[in-house]
Amino acid sequence: MRRTRPTLLALTCVAAVAAGYPYRAAEPADEPPPTFAAAQLLTPAELRGPHHTVADAVRTDGYYHEFRITSDFGEFEAAGRTMLAVRLHEITALAQLDEVSKTEVFLRSAGTSVVNVGRGVATAVANPADTARGVGSGVKRLGVNLGRMTRRTVDSATSEDPAEEPAPGGNAAAAAAQGVLGVNRAARRWAQKVGVDPYSTNPVLRQALGDFGRVDAAGSIATKVFLPIPGVVGMTATVSDLVWGKDPEELRKINEQRLRDLGVPGGTAQRLFRNSAMTLSYETRLIAALHALQLPGAADRVAAAAESRHEREALFHVESAELLQERHAKTPFTGLLTDSLATVAVTADRRAVVLLPIDWLRWTDTAASTVRDIDARSRKELKATRLLIVLTGKASSLAAGEIAAQGWVLAGT
């Protein structure tokens, strides 16, 4: 008999159960996944720009809206609002690089080298898994069981369907991880020039930065081209400076030391570093956020991230750590729930806070069961007396109503 384990539907589960909704096996029906129109979710500028258009139909089978982008540089997929913002920013950066590649100063330096921004799109037919369409792949299998980490180990070991256990990282993230050492100083300087992540999983952007880095090996052209430097979407200024300014080996050493400061075992650190879902920028963001807090239980957050099976799951853990840092600045936390894939923190007044950086929460039976477990563990292990569920996105009216009915508190950011 084929067995299936909870996928990212367990995420919905977290917030639902966080509502204290009682588990009723006799009522397995789930609230159906919605389909949104892009115009309901995005601003006019996000919907359409000089170099892109977002498809009108937006599926939301799990916790993230699934966007499809058509651009001058190929088609892209984006799993979630935050990933969409990154891709749109990258499209603008590609357009800037395209314009620079046509300038006299660049052409003189390029000599016989040909830089054709967006050239990677031509490989789509021959190698579709490593093209822009592959960015965001795995969105249908966003397996984030928000219960115990030990439980997922059992689920993985007993799964009879190997297709449900994709190779860590997915194609786009794996390619980005393998290309880390090829990101030279000049490529990082051009990434800084247009305000993008030099370790992005976007294959078109990676190729463009690599081409610019080869032509401008000394970084001298960059000093002759004026472009306003915007902030990298999703990164703090401190992390951006590290990613742009440090070579990969130096940045890895900084991350290693910070993990030692947090008491992360060497084996856990190596699993994080070897996981192709965790790009160098993602691991730097995760570690920087946790290191800034120094909370008991932080090592478990690293262990959870180290088990990410694809880019969207890795980004979920990164964004959870950054949301933790943001909320801690407003109301300090005193500890974290361990052996948990979801980030659950406790305040001094014994309020447990479940942090869910997701787009959409709908009510499901699995959700109720999972959050109920988080509630019980928070009360027992963190001595919490109440539970707050923090969403970066929105909940369905049914989910919000059920949560309120159970006495849980649901809040946005």
# chains A, B, ... in the order shown; residues from 1 in each chain; ligands from 1

$ residues_around --residues "Arg185 in chain A" --least-positions-apart "5" --cutoff "10 Å" --atoms "only C-alpha atoms" --output "VMD selection string"
chain A and resid 190 to 191 213 216 to 219 244 to 248

$ residues_around --residues "Thr238 in chain A" --least-positions-apart "3" --cutoff "12 Å" --atoms "only C-alpha atoms" --output "NGL selection string"
:A and (231-232 or 234-235 or 241-246 or 281 or 284-285 or 288-289 or 292)

$ residues_around --residues "range 194-199 of chain A" --least-positions-apart "6" --cutoff "8 Å" --atoms "only C-alpha atoms" --output "PyMOL selection string"
chain A and resi 89-90+93+96-97+176-177+180+183+187-188+206+209+227-233+240+243-244+279-281

$ write_last_selection --atoms "C-alpha atoms" --output "PDB file, in the first residue's frame"
ATOM      1  CA  HIS A  89      13.901  42.868  -8.942  1.00  0.00           C
ATOM      2  CA  GLU A  90      16.242  40.532 -10.803  1.00  0.00           C
ATOM      3  CA  ALA A  93      18.700  44.165 -12.851  1.00  0.00           C
ATOM      4  CA  GLN A  96      20.196  47.263 -16.499  1.00  0.00           C
ATOM      5  CA  LEU A  97      23.001  44.826 -17.300  1.00  0.00           C
ATOM      6  CA  ALA A 176      23.757  27.768  -7.687  1.00  0.00           C
ATOM      7  CA  ALA A 177      25.539  25.907  -4.886  1.00  0.00           C
ATOM      8  CA  VAL A 180      29.706  29.381  -5.640  1.00  0.00           C
ATOM      9  CA  VAL A 183      31.528  33.931  -8.283  1.00  0.00           C
ATOM     10  CA  ALA A 187      30.871  39.366 -10.510  1.00  0.00           C
ATOM     11  CA  ARG A 188      30.049  40.291  -6.905  1.00  0.00           C
ATOM     12  CA  ARG A 206      23.940  33.884 -12.675  1.00  0.00           C
ATOM     13  CA  LEU A 209      26.927  38.091 -13.686  1.00  0.00           C
ATOM     14  CA  LEU A 227      23.985  52.969 -11.400  1.00  0.00           C
ATOM     15  CA  PRO A 228      22.072  53.674  -8.206  1.00  0.00           C
ATOM     16  CA  ILE A 229      22.706  50.774  -5.821  1.00  0.00           C
ATOM     17  CA  PRO A 230      19.378  49.494  -4.460  1.00  0.00           C
ATOM     18  CA  GLY A 231      19.117  47.160  -1.492  1.00  0.00           C
ATOM     19  CA  VAL A 232      18.905  43.443  -2.188  1.00  0.00           C
ATOM     20  CA  VAL A 233      15.337  42.265  -1.792  1.00  0.00           C
ATOM     21  CA  SER A 240      24.276  42.360   1.777  1.00  0.00           C
ATOM     22  CA  VAL A 243      27.672  38.688   0.526  1.00  0.00           C
ATOM     23  CA  TRP A 244      29.012  41.372  -1.800  1.00  0.00           C
ATOM     24  CA  THR A 279      22.643  28.858  -1.035  1.00  0.00           C
ATOM     25  CA  LEU A 280      25.544  30.757   0.509  1.00  0.00           C
ATOM     26  CA  SER A 281      23.316  33.812   0.829  1.00  0.00           C
TER      27      SER A 281
END

$ select_by_dssp --residues "range 169-264 of chain A" --states "helix (DSSP H, G or I)" --output "ChimeraX atom specification"
/A:170-178,180-182,185-194,203-215,222-224,237-245,248-261

$ closest_residue --among "A:Thr338, A:Ala405, A:Ala399, A:Leu262" --to "Ala367 in chain A" --atoms "only C-alpha atoms"
A:Ala399

$ closest_atom_pairs --of "range 200-311 of chain A" --to "range 99-119 of chain A" --cutoff "8 Å" --atoms "only C-alpha atoms" --output "CSV"
residue,atom,partner,partner_atom,distance
A:Val204,CA,A:Gly118,CA,5.7
A:Leu205,CA,A:Gly118,CA,7.7
A:Ala208,CA,A:Val117,CA,5.6
A:Asp211,CA,A:Val115,CA,6.3
A:Phe212,CA,A:Val115,CA,7.5
A:Val215,CA,A:Ala110,CA,5.4
A:Asp216,CA,A:Ser109,CA,7.3
A:Ile221,CA,A:Phe106,CA,6.8
A:Lys224,CA,A:Val105,CA,8.0
A:Val225,CA,A:Val100,CA,7.9

$ select_by_dssp --residues "range 190-348 of chain A" --states "strand (DSSP E or B)" --output "ChimeraX atom specification"
/A:333-336,343-347

$ closest_residue --among "A:Thr343, A:Thr385, A:Thr392, A:Gln192" --to "Trp408 in chain A" --atoms "only C-alpha atoms"
A:Thr385

$ closest_atom_pairs --of "range 80-116 of chain A" --to "range 37-56 of chain A" --cutoff "9 Å" --atoms "only C-alpha atoms" --output "Markdown table"
| residue | atom | partner | partner_atom | distance |
| --- | --- | --- | --- | --- |
| A:Arg81 | CA | A:Leu41 | CA | 9.0 |
| A:Leu84 | CA | A:Glu46 | CA | 8.9 |
| A:Ala85 | CA | A:Glu46 | CA | 8.2 |
| A:Leu88 | CA | A:Glu46 | CA | 7.6 |
| A:Ile91 | CA | A:His51 | CA | 7.1 |
| A:Thr92 | CA | A:His51 | CA | 7.3 |
| A:Ala95 | CA | A:His51 | CA | 7.5 |

$ atom_distance --atom1 "CA of Leu391 in chain A" --atom2 "CA of Met278 in chain A"
22.9 Å

$ closest_residue --among "A:Thr201, A:Ala342, A:Trp360, A:Glu313" --to "Arg59 in chain A" --atoms "only C-alpha atoms"
A:Trp360

$ residues_around --residues "Ile389 in chain A" --least-positions-apart "2" --cutoff "7 Å" --atoms "only C-alpha atoms" --output "PyMOL selection string"
chain A and resi 15+18+353-355+387+391+409-411

$ decode --residues "range 378-398 of chain A" --atoms "N, CA and C atoms" --output "PDB file, in the first residue's frame"
ATOM      1  N   SER A 378       4.094  23.330  23.594  1.00  0.00           N
ATOM      2  CA  SER A 378       4.459  24.660  24.080  1.00  0.00           C
ATOM      3  C   SER A 378       4.086  24.823  25.547  1.00  0.00           C
ATOM      4  N   ARG A 379       2.936  24.298  25.916  1.00  0.00           N
ATOM      5  CA  ARG A 379       2.501  24.391  27.307  1.00  0.00           C
ATOM      6  C   ARG A 379       3.376  23.539  28.224  1.00  0.00           C
ATOM      7  N   LYS A 380       3.754  22.378  27.729  1.00  0.00           N
ATOM      8  CA  LYS A 380       4.542  21.469  28.554  1.00  0.00           C
ATOM      9  C   LYS A 380       6.015  21.867  28.609  1.00  0.00           C
ATOM     10  N   GLU A 381       6.602  22.150  27.455  1.00  0.00           N
ATOM     11  CA  GLU A 381       8.052  22.361  27.387  1.00  0.00           C
ATOM     12  C   GLU A 381       8.471  23.819  27.560  1.00  0.00           C
ATOM     13  N   LEU A 382       7.615  24.749  27.147  1.00  0.00           N
ATOM     14  CA  LEU A 382       7.943  26.166  27.292  1.00  0.00           C
ATOM     15  C   LEU A 382       7.163  26.833  28.420  1.00  0.00           C
ATOM     16  N   LYS A 383       6.277  26.060  29.048  1.00  0.00           N
ATOM     17  CA  LYS A 383       5.427  26.563  30.132  1.00  0.00           C
ATOM     18  C   LYS A 383       4.548  27.715  29.661  1.00  0.00           C
ATOM     19  N   ALA A 384       4.151  27.660  28.403  1.00  0.00           N
ATOM     20  CA  ALA A 384       3.314  28.710  27.836  1.00  0.00           C
ATOM     21  C   ALA A 384       1.875  28.566  28.329  1.00  0.00           C
ATOM     22  N   THR A 385       1.190  29.686  28.439  1.00  0.00           N
ATOM     23  CA  THR A 385      -0.209  29.678  28.876  1.00  0.00           C
ATOM     24  C   THR A 385      -1.155  30.115  27.761  1.00  0.00           C
ATOM     25  N   ARG A 386      -0.619  30.644  26.666  1.00  0.00           N
ATOM     26  CA  ARG A 386      -1.453  31.057  25.533  1.00  0.00           C
ATOM     27  C   ARG A 386      -0.623  31.012  24.266  1.00  0.00           C
ATOM     28  N   LEU A 387      -1.301  31.042  23.143  1.00  0.00           N
ATOM     29  CA  LEU A 387      -0.605  30.885  21.869  1.00  0.00           C
ATOM     30  C   LEU A 387      -1.011  31.970  20.877  1.00  0.00           C
ATOM     31  N   LEU A 388      -0.019  32.526  20.235  1.00  0.00           N
ATOM     32  CA  LEU A 388      -0.210  33.525  19.189  1.00  0.00           C
ATOM     33  C   LEU A 388       0.355  32.978  17.895  1.00  0.00           C
ATOM     34  N   ILE A 389      -0.418  33.063  16.806  1.00  0.00           N
ATOM     35  CA  ILE A 389       0.036  32.623  15.497  1.00  0.00           C
ATOM     36  C   ILE A 389       0.287  33.863  14.653  1.00  0.00           C
ATOM     37  N   VAL A 390       1.516  34.023  14.200  1.00  0.00           N
ATOM     38  CA  VAL A 390       1.884  35.195  13.404  1.00  0.00           C
ATOM     39  C   VAL A 390       2.069  34.784  11.953  1.00  0.00           C
ATOM     40  N   LEU A 391       1.285  35.398  11.067  1.00  0.00           N
ATOM     41  CA  LEU A 391       1.366  35.130   9.634  1.00  0.00           C
ATOM     42  C   LEU A 391       1.907  36.353   8.908  1.00  0.00           C
ATOM     43  N   THR A 392       2.771  36.123   7.928  1.00  0.00           N
ATOM     44  CA  THR A 392       3.194  37.233   7.078  1.00  0.00           C
ATOM     45  C   THR A 392       2.179  37.444   5.956  1.00  0.00           C
ATOM     46  N   GLY A 393       1.363  36.423   5.695  1.00  0.00           N
ATOM     47  CA  GLY A 393       0.337  36.528   4.669  1.00  0.00           C
ATOM     48  C   GLY A 393      -1.039  36.665   5.291  1.00  0.00           C
ATOM     49  N   LYS A 394      -2.010  35.929   4.732  1.00  0.00           N
ATOM     50  CA  LYS A 394      -3.381  36.031   5.211  1.00  0.00           C
ATOM     51  C   LYS A 394      -3.968  34.641   5.453  1.00  0.00           C
ATOM     52  N   ALA A 395      -5.034  34.623   6.246  1.00  0.00           N
ATOM     53  CA  ALA A 395      -5.766  33.390   6.502  1.00  0.00           C
ATOM     54  C   ALA A 395      -7.127  33.479   5.829  1.00  0.00           C
ATOM     55  N   SER A 396      -7.681  32.346   5.448  1.00  0.00           N
ATOM     56  CA  SER A 396      -9.032  32.344   4.902  1.00  0.00           C
ATOM     57  C   SER A 396     -10.005  32.752   6.001  1.00  0.00           C
ATOM     58  N   SER A 397     -11.184  33.176   5.603  1.00  0.00           N
ATOM     59  CA  SER A 397     -12.169  33.586   6.607  1.00  0.00           C
ATOM     60  C   SER A 397     -12.558  32.410   7.487  1.00  0.00           C
ATOM     61  N   LEU A 398     -12.607  31.210   6.900  1.00  0.00           N
ATOM     62  CA  LEU A 398     -12.923  30.028   7.695  1.00  0.00           C
ATOM     63  C   LEU A 398     -11.833  29.750   8.719  1.00  0.00           C
TER      64      LEU A 398
END
